[in-house]
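Undergrad: Just passing along the structure, written as C-alpha cells.
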Amino acid sequence: MILAFGQQALAADAPPARSTQTMWMLNCQGCHRADGAGTGSAVPPMPGIVARFLWVPGGREYLIRVPGVAASPLPDDSLALLVNWMLKKFDQENIPADFTPYTAAEVSSFRQLGAYGEEAGAIRASLMRVFVPVTSTNP
Ligand code: HEC
C-alpha cells in the first residue's frame, strides 16, 4: 500500500510534498506556536508532556483524535509524518524506547472513530492522571 511510505512516495507525484515543518506552520502553529508552547490556558504546552501520552492506555489514540489532528484537512499520511515529527521536535526525551512511529493506516483507523469534541479536555485530564503511577517505581 503506497500510502504508508509518506513523503518518499508522494515525491514522485507532480507537486513536491510540503516539509513537516511547513505543515506545522500552516496547520498547527496558529494555536500551538512554533515552539509548541501553546496559547494561554486554552492550548496546552507540548514540551515535556506530549510524548508522555504514549505511555498510557488510550494515549496513542488520544494524540490522533484531538480535533486539531483528526478534523484536519491534511491526509492521513501527512498527519502521520507530522505527529511523528511533532513528538520528536517538542518532547523527544519522553518518547518511549519501543515507540513505533504512526503510519497512515493507524492514523486512518483512529480518524474513522471520529474527532473528539468538547470531551477532549476531560479525556486529556483523565489520561494525565495516569502519568504519575506509570512513571513511579512504587507499585
Ligand atoms: C484551533 C486551535 C488548534 C489547532 C489549529 C490545532 N490544535 Fe492541537 N490542540 C488544541 C487544543 C485546544 C488542544 C487540547 C485538547 C483539546 O481541548 O482539544 C490540542 C491538543 C493537541 C494534541 C494533544 C496534546 C495535549 O497535550 O493534549 C496534539 C497531539 C495536537 N493538538 C496536535 C495538533 C496538530 C498536529 C495540529 C495541526 C495539524 C493541531 N494540533 C492543530 C488546539 C489546536
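Residues are referred to by chain and number: the chain letter is A, B, ... according to the order shown in the C-alpha cells, the number counts from 1 in that chain, and ligands are numbered separately from 1 in the order shown.
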Please list as a ChimeraX atom specification every residue within 10 Å of range 22-29 of chain A, counting only C-alpha atoms and excluding residues in the same chain fewer than 4 positions away.
TA: /A:17-18,33-39,68-69,72-74,78-79,81-83,85-86
Undergrad: Skipping near chain neighbours, those fewer than 2 positions away, what residues fall within 6 Å of range 94-108 of chain A using only C-alpha atoms, listed as a PDB file with N, CA and C atoms, in the first residue's frame?
TA:
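Okay, result24.pdb is ready:
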```
ATOM      1  N   ALA A   4       1.589   4.185   2.973  1.00  0.00           N
ATOM      2  CA  ALA A   4       2.432   4.022   4.158  1.00  0.00           C
ATOM      3  C   ALA A   4       3.823   4.610   3.972  1.00  0.00           C
ATOM      4  N   ALA A  51       4.736  13.579  24.569  1.00  0.00           N
ATOM      5  CA  ALA A  51       5.092  12.176  24.306  1.00  0.00           C
ATOM      6  C   ALA A  51       4.713  11.269  25.476  1.00  0.00           C
ATOM      7  N   ARG A  52       4.408  11.851  26.633  1.00  0.00           N
ATOM      8  CA  ARG A  52       4.021  11.023  27.784  1.00  0.00           C
ATOM      9  C   ARG A  52       2.653  10.373  27.572  1.00  0.00           C
ATOM     10  N   ASP A  76      -4.144  11.369   5.777  1.00  0.00           N
ATOM     11  CA  ASP A  76      -3.604  10.504   6.825  1.00  0.00           C
ATOM     12  C   ASP A  76      -2.079  10.385   6.783  1.00  0.00           C
ATOM     13  N   ASP A  77      -1.514  10.239   5.589  1.00  0.00           N
ATOM     14  CA  ASP A  77      -0.052  10.048   5.533  1.00  0.00           C
ATOM     15  C   ASP A  77       0.686  11.301   5.983  1.00  0.00           C
ATOM     16  N   ALA A  80       0.424  11.449   9.822  1.00  0.00           N
ATOM     17  CA  ALA A  80       1.331  10.502  10.479  1.00  0.00           C
ATOM     18  C   ALA A  80       2.735  11.100  10.543  1.00  0.00           C
ATOM     19  N   ASP A  91       9.176  16.858  22.303  1.00  0.00           N
ATOM     20  CA  ASP A  91       9.271  16.073  23.544  1.00  0.00           C
ATOM     21  C   ASP A  91      10.071  14.793  23.340  1.00  0.00           C
ATOM     22  N   GLN A  92      11.185  14.902  22.653  1.00  0.00           N
ATOM     23  CA  GLN A  92      11.990  13.725  22.318  1.00  0.00           C
ATOM     24  C   GLN A  92      12.358  12.890  23.548  1.00  0.00           C
ATOM     25  N   PHE A 110      -7.860   5.553  13.535  1.00  0.00           N
ATOM     26  CA  PHE A 110      -8.302   6.411  14.645  1.00  0.00           C
ATOM     27  C   PHE A 110      -9.243   7.519  14.154  1.00  0.00           C
ATOM     28  N   ARG A 111      -8.946   8.079  13.002  1.00  0.00           N
ATOM     29  CA  ARG A 111      -9.814   9.154  12.473  1.00  0.00           C
ATOM     30  C   ARG A 111     -11.213   8.630  12.155  1.00  0.00           C
TER      31      ARG A 111
END
```
Undergrad: Can you tell me, as a list in words, what residues are no more than 7 Å from range 56-62 of chain A when counting only C-alpha atoms, ignoring any on the same chain fewer than 4 positions away?
TA: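 Contacts, with the query itself left out: Val66, Phe110, Leu127, Val130 and Phe131 of chain A.
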Undergrad: With distances taken over only C-alpha atoms and all ligand atoms, which residue among A:Ala125, A:Ala120, A:Phe53, A:Gln112 lies nearest ligand 1?
TA: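 Ranked by minimum distance to ligand 1, first place goes to A:Ala120.
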Undergrad: Run DSSP on the backbone and give me the residues of chain A it puts in helix (DSSP H, G or I), as a ChimeraX atom specification.
TA: /A:2-10,20-27,29-32,50-55,59-65,67-70,76-94,104-112,120-128,131-135
Undergrad: Produce a file of the selected residues containing C-alpha atoms, as a CSV table (one decimal), in the first residue's frame.
TA:
```
chain,number,residue,atom,x,y,z
A,2,ILE,CA,1.7,3.1,-1.2
A,3,LEU,CA,0.2,5.4,1.4
A,4,ALA,CA,2.4,4.0,4.2
A,5,PHE,CA,5.6,5.4,2.5
A,6,GLY,CA,4.7,9.0,3.2
A,7,GLN,CA,6.8,11.7,1.6
A,8,GLN,CA,9.1,9.4,-0.3
A,9,ALA,CA,6.2,8.1,-2.3
A,10,LEU,CA,4.5,11.4,-2.6
A,20,THR,CA,6.6,18.7,8.1
A,21,GLN,CA,7.9,22.0,9.4
A,22,THR,CA,5.8,23.8,6.8
A,23,MET,CA,2.8,21.7,7.5
A,24,TRP,CA,3.1,22.6,11.2
A,25,MET,CA,3.4,26.3,10.4
A,26,LEU,CA,0.4,26.3,8.2
A,27,ASN,CA,-1.9,24.0,10.1
A,29,GLN,CA,1.3,26.7,14.8
A,30,GLY,CA,-1.6,29.3,15.0
A,31,CYS,CA,-2.7,27.5,18.2
A,32,HIS,CA,0.3,25.6,19.3
A,50,VAL,CA,3.1,15.4,24.7
A,51,ALA,CA,5.1,12.2,24.3
A,52,ARG,CA,4.0,11.0,27.8
A,53,PHE,CA,0.6,10.3,26.4
A,54,LEU,CA,2.3,7.4,24.5
A,55,TRP,CA,3.0,5.7,27.9
A,59,GLY,CA,-2.9,7.9,24.8
A,60,ARG,CA,-1.8,6.9,21.4
A,61,GLU,CA,-5.4,7.2,20.2
A,62,TYR,CA,-5.9,10.5,22.0
A,63,LEU,CA,-3.0,12.2,20.2
A,64,ILE,CA,-4.7,11.5,16.8
A,65,ARG,CA,-8.4,12.0,17.8
A,67,PRO,CA,-9.8,17.9,16.9
A,68,GLY,CA,-6.7,19.7,15.6
A,69,VAL,CA,-5.4,16.4,14.2
A,70,ALA,CA,-8.5,14.2,13.4
A,76,ASP,CA,-3.6,10.5,6.8
A,77,ASP,CA,-0.1,10.0,5.5
A,78,SER,CA,0.8,13.7,6.1
A,79,LEU,CA,-0.7,13.6,9.6
A,80,ALA,CA,1.3,10.5,10.5
A,81,LEU,CA,4.5,12.3,9.4
A,82,LEU,CA,3.5,15.4,11.2
A,83,VAL,CA,2.7,13.8,14.5
A,84,ASN,CA,5.9,11.7,14.5
A,85,TRP,CA,7.9,14.9,13.7
A,86,MET,CA,6.0,16.8,16.4
A,87,LEU,CA,6.7,14.2,19.1
A,88,LYS,CA,10.4,14.3,18.3
A,89,LYS,CA,10.6,18.0,17.9
A,90,PHE,CA,8.8,19.0,21.2
A,91,ASP,CA,9.3,16.1,23.5
A,92,GLN,CA,12.0,13.7,22.3
A,93,GLU,CA,13.1,12.8,25.8
A,94,ASN,CA,9.8,11.3,26.7
A,104,ALA,CA,-1.1,6.4,7.6
A,105,ALA,CA,-3.1,3.2,8.2
A,106,GLU,CA,-3.1,3.7,12.0
A,107,VAL,CA,-4.0,7.4,11.7
A,108,SER,CA,-6.8,6.5,9.3
A,109,SER,CA,-8.3,3.9,11.8
A,110,PHE,CA,-8.3,6.4,14.6
A,111,ARG,CA,-9.8,9.2,12.5
A,112,GLN,CA,-12.6,6.8,11.4
A,120,ALA,CA,-11.2,16.3,24.6
A,121,GLY,CA,-10.3,18.3,27.7
A,122,ALA,CA,-11.8,15.7,30.1
A,123,ILE,CA,-10.2,12.8,28.2
A,124,ARG,CA,-6.9,14.6,28.4
A,125,ALA,CA,-7.2,15.1,32.1
A,126,SER,CA,-8.1,11.5,32.8
A,127,LEU,CA,-5.1,10.3,30.8
A,128,MET,CA,-2.8,12.7,32.6
A,131,PHE,CA,1.0,9.7,34.1
A,132,VAL,CA,2.3,9.6,37.6
A,133,PRO,CA,1.8,5.9,38.5
A,134,VAL,CA,3.3,4.8,35.2
A,135,THR,CA,6.5,6.8,35.9
```
Undergrad: For ligand 1, which of A:Ala42, A:Pro47, A:Gly114, A:Ser19 is the closest residue, counting only C-alpha atoms and all ligand atoms?
TA: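 The closest residue to ligand 1 is A:Ala42.
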